[in-house]
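Visitor: This is upload_34.cif (mmCIF, N, CA and C atoms).
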data_protein
#
loop_
_atom_site.label_atom_id
_atom_site.label_comp_id
_atom_site.auth_asym_id
_atom_site.auth_seq_id
_atom_site.Cartn_x
_atom_site.Cartn_y
_atom_site.Cartn_z
N GLN L 455 -24.06 -41.87 -22.98
CA GLN L 455 -24.68 -40.55 -23.01
C GLN L 455 -25.95 -40.59 -22.20
N GLY L 456 -26.17 -39.59 -21.39
CA GLY L 456 -27.35 -39.55 -20.56
C GLY L 456 -28.14 -38.29 -20.78
N ARG L 457 -29.40 -38.35 -20.39
CA ARG L 457 -30.26 -37.20 -20.56
C ARG L 457 -31.16 -37.07 -19.34
N LEU L 458 -31.32 -35.85 -18.88
CA LEU L 458 -32.18 -35.56 -17.74
C LEU L 458 -33.20 -34.51 -18.17
N VAL L 459 -34.45 -34.74 -17.84
CA VAL L 459 -35.51 -33.81 -18.20
C VAL L 459 -36.34 -33.51 -16.97
N GLU L 460 -36.38 -32.23 -16.62
CA GLU L 460 -37.14 -31.80 -15.45
C GLU L 460 -38.54 -31.35 -15.86
N SER L 461 -39.45 -31.43 -14.91
CA SER L 461 -40.81 -30.95 -15.13
C SER L 461 -41.41 -30.57 -13.79
N GLY L 462 -42.51 -29.83 -13.85
CA GLY L 462 -43.25 -29.48 -12.64
C GLY L 462 -43.16 -28.03 -12.22
N GLY L 463 -42.23 -27.29 -12.79
CA GLY L 463 -42.11 -25.89 -12.43
C GLY L 463 -43.23 -25.06 -13.02
N ARG L 464 -43.67 -24.05 -12.26
CA ARG L 464 -44.73 -23.15 -12.71
C ARG L 464 -44.83 -21.97 -11.78
N PRO L 465 -45.58 -20.94 -12.13
CA PRO L 465 -45.79 -19.81 -11.22
C PRO L 465 -46.71 -20.22 -10.07
N VAL L 466 -46.33 -19.84 -8.84
CA VAL L 466 -47.14 -20.14 -7.66
C VAL L 466 -47.10 -18.93 -6.73
N GLN L 467 -47.92 -18.99 -5.71
CA GLN L 467 -47.96 -17.96 -4.68
C GLN L 467 -47.09 -18.37 -3.49
N ALA L 468 -46.61 -17.40 -2.76
CA ALA L 468 -45.85 -17.68 -1.55
C ALA L 468 -46.69 -18.56 -0.62
N GLY L 469 -46.05 -19.58 -0.04
CA GLY L 469 -46.75 -20.50 0.83
C GLY L 469 -47.24 -21.76 0.14
N ASP L 470 -47.27 -21.74 -1.18
CA ASP L 470 -47.71 -22.92 -1.95
C ASP L 470 -46.66 -24.01 -1.95
N SER L 471 -47.06 -25.15 -2.48
CA SER L 471 -46.15 -26.29 -2.62
C SER L 471 -46.03 -26.67 -4.09
N LEU L 472 -44.89 -27.26 -4.44
CA LEU L 472 -44.66 -27.78 -5.78
C LEU L 472 -43.87 -29.06 -5.68
N ARG L 473 -44.11 -29.95 -6.63
CA ARG L 473 -43.30 -31.16 -6.72
C ARG L 473 -42.64 -31.20 -8.09
N LEU L 474 -41.33 -31.12 -8.10
CA LEU L 474 -40.58 -31.21 -9.34
C LEU L 474 -40.19 -32.66 -9.59
N SER L 475 -40.15 -33.02 -10.87
CA SER L 475 -39.74 -34.36 -11.26
C SER L 475 -38.58 -34.28 -12.24
N CYS L 476 -37.77 -35.30 -12.22
CA CYS L 476 -36.65 -35.40 -13.15
C CYS L 476 -36.64 -36.81 -13.71
N SER L 477 -36.77 -36.91 -15.01
CA SER L 477 -36.73 -38.20 -15.69
C SER L 477 -35.35 -38.39 -16.28
N ALA L 478 -34.74 -39.52 -15.97
CA ALA L 478 -33.35 -39.75 -16.37
C ALA L 478 -33.23 -40.93 -17.33
N THR L 479 -32.39 -40.75 -18.35
CA THR L 479 -32.07 -41.87 -19.21
C THR L 479 -30.61 -42.26 -19.03
N VAL L 480 -30.00 -41.77 -17.95
CA VAL L 480 -28.62 -42.10 -17.64
C VAL L 480 -28.51 -43.59 -17.35
N SER L 481 -27.49 -44.21 -17.91
CA SER L 481 -27.29 -45.63 -17.67
C SER L 481 -26.92 -45.86 -16.21
N THR L 482 -27.23 -47.04 -15.72
CA THR L 482 -26.97 -47.41 -14.33
C THR L 482 -27.44 -46.33 -13.37
N PHE L 483 -28.64 -45.87 -13.59
CA PHE L 483 -29.22 -44.80 -12.76
C PHE L 483 -29.19 -45.17 -11.29
N ASP L 484 -29.46 -46.44 -11.00
CA ASP L 484 -29.59 -46.85 -9.61
C ASP L 484 -28.25 -46.98 -8.88
N THR L 485 -27.16 -46.64 -9.54
CA THR L 485 -25.86 -46.63 -8.87
C THR L 485 -25.32 -45.21 -8.73
N ARG L 486 -26.10 -44.21 -9.10
CA ARG L 486 -25.59 -42.83 -9.14
C ARG L 486 -26.24 -41.92 -8.11
N ILE L 487 -25.44 -41.05 -7.57
CA ILE L 487 -25.94 -39.97 -6.74
C ILE L 487 -26.70 -38.99 -7.64
N MET L 488 -27.81 -38.48 -7.12
CA MET L 488 -28.61 -37.50 -7.85
C MET L 488 -28.77 -36.25 -7.00
N ALA L 489 -29.02 -35.14 -7.67
CA ALA L 489 -29.13 -33.88 -6.94
C ALA L 489 -30.00 -32.89 -7.69
N TRP L 490 -30.40 -31.88 -6.95
CA TRP L 490 -31.07 -30.71 -7.51
C TRP L 490 -30.23 -29.48 -7.19
N PHE L 491 -30.09 -28.63 -8.20
CA PHE L 491 -29.46 -27.33 -8.05
C PHE L 491 -30.44 -26.28 -8.55
N ARG L 492 -30.18 -25.03 -8.24
CA ARG L 492 -31.03 -23.97 -8.76
C ARG L 492 -30.19 -22.75 -9.10
N GLN L 493 -30.72 -21.95 -10.00
CA GLN L 493 -30.03 -20.72 -10.38
C GLN L 493 -31.05 -19.62 -10.57
N ALA L 494 -30.91 -18.58 -9.76
CA ALA L 494 -31.77 -17.42 -9.86
C ALA L 494 -31.13 -16.39 -10.81
N PRO L 495 -31.93 -15.50 -11.37
CA PRO L 495 -31.38 -14.50 -12.28
C PRO L 495 -30.27 -13.69 -11.64
N GLY L 496 -29.14 -13.60 -12.32
CA GLY L 496 -28.03 -12.81 -11.83
C GLY L 496 -27.22 -13.46 -10.73
N LYS L 497 -27.54 -14.71 -10.42
CA LYS L 497 -26.82 -15.40 -9.34
C LYS L 497 -26.19 -16.68 -9.87
N GLU L 498 -25.24 -17.20 -9.11
CA GLU L 498 -24.61 -18.45 -9.48
C GLU L 498 -25.52 -19.63 -9.14
N ARG L 499 -25.28 -20.73 -9.83
CA ARG L 499 -26.01 -21.95 -9.53
C ARG L 499 -25.66 -22.39 -8.11
N GLU L 500 -26.67 -22.81 -7.37
CA GLU L 500 -26.42 -23.24 -5.99
C GLU L 500 -27.06 -24.60 -5.72
N PHE L 501 -26.46 -25.31 -4.80
CA PHE L 501 -26.91 -26.63 -4.40
C PHE L 501 -28.23 -26.54 -3.64
N VAL L 502 -29.13 -27.47 -3.91
CA VAL L 502 -30.40 -27.55 -3.20
C VAL L 502 -30.45 -28.82 -2.34
N ALA L 503 -30.29 -29.98 -2.98
CA ALA L 503 -30.41 -31.24 -2.26
C ALA L 503 -29.76 -32.35 -3.07
N SER L 504 -29.30 -33.39 -2.37
CA SER L 504 -28.74 -34.55 -3.04
C SER L 504 -29.17 -35.82 -2.31
N ILE L 505 -29.08 -36.93 -3.03
CA ILE L 505 -29.54 -38.20 -2.49
C ILE L 505 -28.64 -39.32 -2.99
N ASP L 506 -28.34 -40.28 -2.13
CA ASP L 506 -27.48 -41.39 -2.54
C ASP L 506 -28.25 -42.34 -3.45
N CYS L 507 -27.57 -43.34 -3.96
CA CYS L 507 -28.18 -44.19 -4.99
C CYS L 507 -29.35 -45.01 -4.46
N ARG L 508 -29.36 -45.29 -3.15
CA ARG L 508 -30.43 -46.12 -2.58
C ARG L 508 -31.58 -45.28 -2.01
N GLY L 509 -31.37 -44.00 -1.92
CA GLY L 509 -32.39 -43.13 -1.34
C GLY L 509 -32.36 -43.07 0.17
N ASN L 510 -31.26 -43.49 0.77
CA ASN L 510 -31.17 -43.53 2.23
C ASN L 510 -30.48 -42.32 2.83
N VAL L 511 -29.61 -41.68 2.07
CA VAL L 511 -28.82 -40.54 2.57
C VAL L 511 -29.21 -39.30 1.77
N ARG L 512 -29.57 -38.27 2.49
CA ARG L 512 -29.99 -37.03 1.84
C ARG L 512 -29.26 -35.85 2.48
N TYR L 513 -28.89 -34.90 1.66
CA TYR L 513 -28.29 -33.67 2.16
C TYR L 513 -29.05 -32.48 1.58
N TYR L 514 -29.16 -31.44 2.37
CA TYR L 514 -29.90 -30.25 1.96
C TYR L 514 -29.09 -29.00 2.26
N SER L 515 -29.31 -27.99 1.44
CA SER L 515 -28.78 -26.68 1.76
C SER L 515 -29.57 -26.13 2.94
N ASP L 516 -29.03 -25.12 3.58
CA ASP L 516 -29.70 -24.55 4.75
C ASP L 516 -31.09 -24.02 4.39
N PHE L 517 -31.23 -23.41 3.22
CA PHE L 517 -32.52 -22.83 2.87
C PHE L 517 -33.56 -23.90 2.56
N ALA L 518 -33.12 -25.11 2.25
CA ALA L 518 -34.04 -26.18 1.90
C ALA L 518 -34.45 -27.04 3.09
N LYS L 519 -33.65 -27.04 4.13
CA LYS L 519 -33.94 -27.90 5.28
C LYS L 519 -35.29 -27.57 5.90
N GLY L 520 -36.08 -28.59 6.11
CA GLY L 520 -37.39 -28.41 6.73
C GLY L 520 -38.49 -28.04 5.76
N ARG L 521 -38.14 -27.65 4.55
CA ARG L 521 -39.16 -27.27 3.56
C ARG L 521 -39.15 -28.16 2.33
N PHE L 522 -37.97 -28.61 1.92
CA PHE L 522 -37.83 -29.40 0.69
C PHE L 522 -37.48 -30.84 1.04
N THR L 523 -37.93 -31.76 0.19
CA THR L 523 -37.60 -33.17 0.36
C THR L 523 -37.22 -33.77 -0.99
N ILE L 524 -36.03 -34.38 -1.05
CA ILE L 524 -35.60 -35.06 -2.26
C ILE L 524 -35.89 -36.55 -2.11
N SER L 525 -36.32 -37.16 -3.21
CA SER L 525 -36.57 -38.60 -3.19
C SER L 525 -36.31 -39.15 -4.59
N ARG L 526 -36.31 -40.48 -4.68
CA ARG L 526 -36.07 -41.09 -5.97
C ARG L 526 -36.82 -42.39 -6.11
N ALA L 527 -37.11 -42.75 -7.36
CA ALA L 527 -37.75 -44.01 -7.68
C ALA L 527 -36.88 -44.69 -8.72
N ASN L 528 -36.02 -45.57 -8.28
CA ASN L 528 -35.01 -46.13 -9.18
C ASN L 528 -35.61 -46.95 -10.31
N ALA L 529 -36.65 -47.69 -10.02
CA ALA L 529 -37.24 -48.53 -11.07
C ALA L 529 -37.74 -47.68 -12.24
N ALA L 530 -38.22 -46.49 -11.94
CA ALA L 530 -38.75 -45.60 -12.97
C ALA L 530 -37.72 -44.57 -13.43
N LYS L 531 -36.54 -44.58 -12.83
CA LYS L 531 -35.49 -43.62 -13.14
C LYS L 531 -36.00 -42.19 -12.97
N LEU L 532 -36.57 -41.94 -11.81
CA LEU L 532 -37.10 -40.62 -11.50
C LEU L 532 -36.51 -40.08 -10.21
N VAL L 533 -36.35 -38.77 -10.17
CA VAL L 533 -35.96 -38.07 -8.95
C VAL L 533 -36.96 -36.95 -8.74
N PHE L 534 -37.31 -36.72 -7.48
CA PHE L 534 -38.32 -35.73 -7.16
C PHE L 534 -37.76 -34.69 -6.17
N LEU L 535 -38.36 -33.53 -6.23
CA LEU L 535 -38.08 -32.50 -5.23
C LEU L 535 -39.42 -31.93 -4.78
N GLN L 536 -39.83 -32.29 -3.58
CA GLN L 536 -41.05 -31.74 -3.00
C GLN L 536 -40.69 -30.45 -2.29
N MET L 537 -41.33 -29.37 -2.67
CA MET L 537 -41.02 -28.06 -2.10
C MET L 537 -42.28 -27.51 -1.44
N ASN L 538 -42.19 -27.26 -0.15
CA ASN L 538 -43.31 -26.72 0.61
C ASN L 538 -43.00 -25.32 1.11
N THR L 539 -44.04 -24.61 1.46
CA THR L 539 -43.91 -23.25 2.02
C THR L 539 -42.96 -22.42 1.17
N LEU L 540 -43.23 -22.36 -0.10
CA LEU L 540 -42.36 -21.64 -1.02
C LEU L 540 -42.33 -20.15 -0.74
N LYS L 541 -41.18 -19.55 -0.98
CA LYS L 541 -40.96 -18.13 -0.74
C LYS L 541 -40.55 -17.46 -2.05
N PRO L 542 -40.74 -16.16 -2.17
CA PRO L 542 -40.31 -15.48 -3.40
C PRO L 542 -38.83 -15.69 -3.71
N GLU L 543 -38.00 -15.82 -2.68
CA GLU L 543 -36.57 -16.04 -2.91
C GLU L 543 -36.25 -17.44 -3.44
N ASP L 544 -37.25 -18.31 -3.51
CA ASP L 544 -37.07 -19.62 -4.12
C ASP L 544 -37.21 -19.55 -5.64
N THR L 545 -37.56 -18.41 -6.16
CA THR L 545 -37.70 -18.25 -7.61
C THR L 545 -36.36 -18.52 -8.29
N ALA L 546 -36.36 -19.47 -9.22
CA ALA L 546 -35.13 -19.87 -9.90
C ALA L 546 -35.45 -20.93 -10.94
N VAL L 547 -34.46 -21.25 -11.74
CA VAL L 547 -34.53 -22.43 -12.60
C VAL L 547 -33.92 -23.58 -11.82
N TYR L 548 -34.69 -24.64 -11.66
CA TYR L 548 -34.26 -25.80 -10.89
C TYR L 548 -33.81 -26.89 -11.86
N SER L 549 -32.58 -27.36 -11.66
CA SER L 549 -31.99 -28.36 -12.54
C SER L 549 -31.66 -29.64 -11.78
N CYS L 550 -31.86 -30.73 -12.47
CA CYS L 550 -31.53 -32.04 -11.95
C CYS L 550 -30.12 -32.41 -12.41
N ALA L 551 -29.39 -33.14 -11.58
CA ALA L 551 -28.03 -33.54 -11.94
C ALA L 551 -27.78 -34.97 -11.50
N ALA L 552 -27.00 -35.68 -12.32
CA ALA L 552 -26.60 -37.05 -12.00
C ALA L 552 -25.08 -37.11 -11.91
N ALA L 553 -24.59 -37.85 -10.93
CA ALA L 553 -23.15 -37.96 -10.76
C ALA L 553 -22.52 -38.61 -11.99
N ALA L 554 -21.32 -38.14 -12.30
CA ALA L 554 -20.59 -38.71 -13.43
C ALA L 554 -20.15 -40.13 -13.13
N GLY L 555 -19.78 -40.39 -11.89
CA GLY L 555 -19.33 -41.70 -11.49
C GLY L 555 -20.45 -42.54 -10.91
N GLU L 556 -20.14 -43.79 -10.65
CA GLU L 556 -21.15 -44.73 -10.15
C GLU L 556 -20.97 -45.06 -8.67
N GLN L 557 -20.40 -44.15 -7.91
CA GLN L 557 -20.34 -44.35 -6.47
C GLN L 557 -21.73 -44.11 -5.90
N CYS L 558 -22.15 -45.02 -5.07
CA CYS L 558 -23.50 -44.90 -4.51
C CYS L 558 -23.61 -43.72 -3.54
N GLU L 559 -22.53 -43.46 -2.82
CA GLU L 559 -22.55 -42.42 -1.80
C GLU L 559 -21.14 -41.84 -1.65
N LEU L 560 -21.08 -40.56 -1.39
CA LEU L 560 -19.82 -39.90 -1.10
C LEU L 560 -19.99 -39.07 0.16
N GLU L 561 -18.90 -38.51 0.65
CA GLU L 561 -19.00 -37.64 1.81
C GLU L 561 -19.86 -36.44 1.49
N GLN L 562 -20.40 -35.83 2.52
CA GLN L 562 -21.38 -34.77 2.36
C GLN L 562 -20.88 -33.64 1.47
N ALA L 563 -19.67 -33.19 1.70
CA ALA L 563 -19.15 -32.05 0.93
C ALA L 563 -19.12 -32.35 -0.56
N ALA L 564 -18.79 -33.58 -0.91
CA ALA L 564 -18.74 -33.95 -2.31
C ALA L 564 -20.14 -34.00 -2.91
N MET L 565 -21.08 -34.56 -2.18
CA MET L 565 -22.44 -34.70 -2.70
C MET L 565 -23.14 -33.35 -2.83
N GLN L 566 -22.60 -32.32 -2.21
CA GLN L 566 -23.17 -30.99 -2.31
C GLN L 566 -22.47 -30.11 -3.34
N HIS L 567 -21.43 -30.63 -3.96
CA HIS L 567 -20.63 -29.82 -4.88
C HIS L 567 -20.90 -30.21 -6.32
N ARG L 568 -21.02 -29.23 -7.17
CA ARG L 568 -21.35 -29.48 -8.58
C ARG L 568 -20.28 -30.31 -9.30
N ALA L 569 -19.07 -30.35 -8.77
CA ALA L 569 -17.96 -30.99 -9.48
C ALA L 569 -18.18 -32.46 -9.76
N ILE L 570 -18.96 -33.17 -8.92
CA ILE L 570 -19.11 -34.61 -9.12
C ILE L 570 -20.21 -34.94 -10.13
N TYR L 571 -20.97 -33.95 -10.54
CA TYR L 571 -22.12 -34.21 -11.40
C TYR L 571 -21.75 -34.01 -12.86
N GLY L 572 -21.95 -35.07 -13.63
CA GLY L 572 -21.55 -35.02 -15.03
C GLY L 572 -22.70 -34.92 -15.99
N TYR L 573 -23.91 -35.06 -15.49
CA TYR L 573 -25.10 -34.97 -16.35
C TYR L 573 -26.04 -33.93 -15.75
N TRP L 574 -26.54 -33.06 -16.63
CA TRP L 574 -27.40 -31.96 -16.17
C TRP L 574 -28.61 -31.83 -17.09
N GLY L 575 -29.74 -31.54 -16.48
CA GLY L 575 -30.92 -31.20 -17.26
C GLY L 575 -30.93 -29.71 -17.57
N ARG L 576 -31.86 -29.31 -18.41
CA ARG L 576 -31.96 -27.90 -18.78
C ARG L 576 -32.69 -27.08 -17.74
N GLY L 577 -33.42 -27.73 -16.90
CA GLY L 577 -34.08 -27.02 -15.81
C GLY L 577 -35.55 -26.75 -16.04
N THR L 578 -36.22 -26.45 -14.95
CA THR L 578 -37.63 -26.07 -14.98
C THR L 578 -37.80 -24.81 -14.12
N GLN L 579 -38.56 -23.85 -14.63
CA GLN L 579 -38.68 -22.55 -13.97
C GLN L 579 -39.72 -22.60 -12.85
N VAL L 580 -39.30 -22.15 -11.70
CA VAL L 580 -40.20 -21.98 -10.55
C VAL L 580 -40.25 -20.49 -10.24
N THR L 581 -41.44 -19.94 -10.23
CA THR L 581 -41.61 -18.52 -9.93
C THR L 581 -42.59 -18.39 -8.78
N VAL L 582 -42.14 -17.78 -7.70
CA VAL L 582 -42.96 -17.62 -6.50
C VAL L 582 -43.24 -16.14 -6.30
N SER L 583 -44.50 -15.79 -6.31
CA SER L 583 -44.88 -14.39 -6.12
C SER L 583 -45.42 -14.18 -4.71
N SER L 584 -45.24 -12.98 -4.21
CA SER L 584 -45.66 -12.68 -2.84
C SER L 584 -47.11 -12.24 -2.79
#
Let me see the file written as structure tokens.
Guide:
Amino acid sequence: QGRLVESGGRPVQAGDSLRLSCSATVSTFDTRIMAWFRQAPGKEREFVASIDCRGNVRYYSDFAKGRFTISRANAAKLVFLQMNTLKPEDTAVYSCAAAAGEQCELEQAAMQHRAIYGYWGRGTQVTVSS
């Protein structure tokens, strides 16, 4: 059984930066793909970013490219999402996810799809005002 707990979300102004953290108690954390997803009110959950088990391969959604950076610290079982130049449309609950399996890396399409993630946090609210 694993548990993910996100933190760092808060109200900010457009153009600000935020760093979200995810603390994981998932076993064999350092062998799992990790990701961030987000869900805005009235919308479906969408992929934000994912990272392979070693932190060498990263994938981003189009809206995150150039503004967001995913990283991980395996020794501490932490995953981060650095978000810069935030926009009002970034307002959402941001959730951390860990792959159900212990593959270090998968093809891009798989790492961007919610289907491979078996562990989810409850999320942290990010609100960006204009």
Visitor: Kindly resolve the PyMOL selection byres ((chain L and resi 531) around 6.5) on the present coordinates and return the residues as a count of residues only.
Guide: 10
Visitor: Which is closest to Glu559 of chain L among L:Gln536, L:Gln579, L:Asn510, L:Thr523, if we use only C-alpha atoms?
Guide: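 Using only C-alpha atoms, the shortest distance to Glu559 of chain L belongs to L:Asn510.
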Visitor: Extract, using only C-alpha atoms, all DNA, RNA and protein residues at most 10 Å from Tyr571 of chain L, discarding same-chain residues fewer than 4 positions from it, and format them as a ChimeraX atom specification.
Guide: /L:486-489,550-555,564-567
Visitor: For atom CA of Ser481 of chain L and atom CA of Ser461 of chain L, determine how far apart the two atoms are, in Å to one decimal place.
Guide: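 Between atom CA of Ser481 of chain L and atom CA of Ser461 of chain L the gap works out to 20.1 Å.
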Visitor: On this structure, the PyMOL selection byres (((chain L and resi 463-467 and name CA) around 12) and name CA) would catch which residues? List them as number ranges by chain, sorted by chain and number.
Guide: L: 459-462, 468-476, 492, 534-549, 577-584
Visitor: Looking at L:Glu561, L:Ala494, L:Gly456, L:Ser525, which one is nearest to Gly509 of chain L, with distances taken over all atoms listed in the file?
Guide: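 Answer, going by the shortest atom-to-atom distance: L:Ser525.
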Visitor: When you count only C-alpha atoms, which of these residues is closest to Gly575 of chain L: L:Phe517, L:Phe522, L:Phe491, L:Phe501?
Guide: L:Phe491
Visitor: Run DSSP on the backbone and grab whatever in chain L lands in strand (DSSP E or B); send it over as a ChimeraX atom specification.
Guide: /L:458-461,465-467,472-478,488-493,500-505,512-514,522-527,532-537,546-553,571-574,578-583
Visitor: For a test of reading the model, state the distance in Å between atom N of Ser515 of chain L and atom CA of Gln455 of chain L, rounded to one decimal.
Guide: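 Going from atom N of Ser515 of chain L over to atom CA of Gln455 of chain L covers 27.9 Å.
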Visitor: Between atom C of Thr479 of chain L and atom CA of Arg499 of chain L, what is the distance, to one decimal in Å?
Guide: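 These two atoms are separated by 22.9 Å.
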Visitor: Give the helix (DSSP H, G or I) residues of chain L, as assigned by DSSP on the backbone, as JSON, numbers by chain.
Guide: {"L": [483, 484, 485, 528, 529, 530, 542, 543, 544, 562, 563, 564, 565, 568, 569, 570]}
Visitor: List the spatial neighbours of Tyr514 of chain L as number ranges by chain - criterion: any atom at most 6 Å away, only C-alpha atoms, same-chain residues fewer than 3 positions off excluded.
Guide: L: 502-503, 518-519
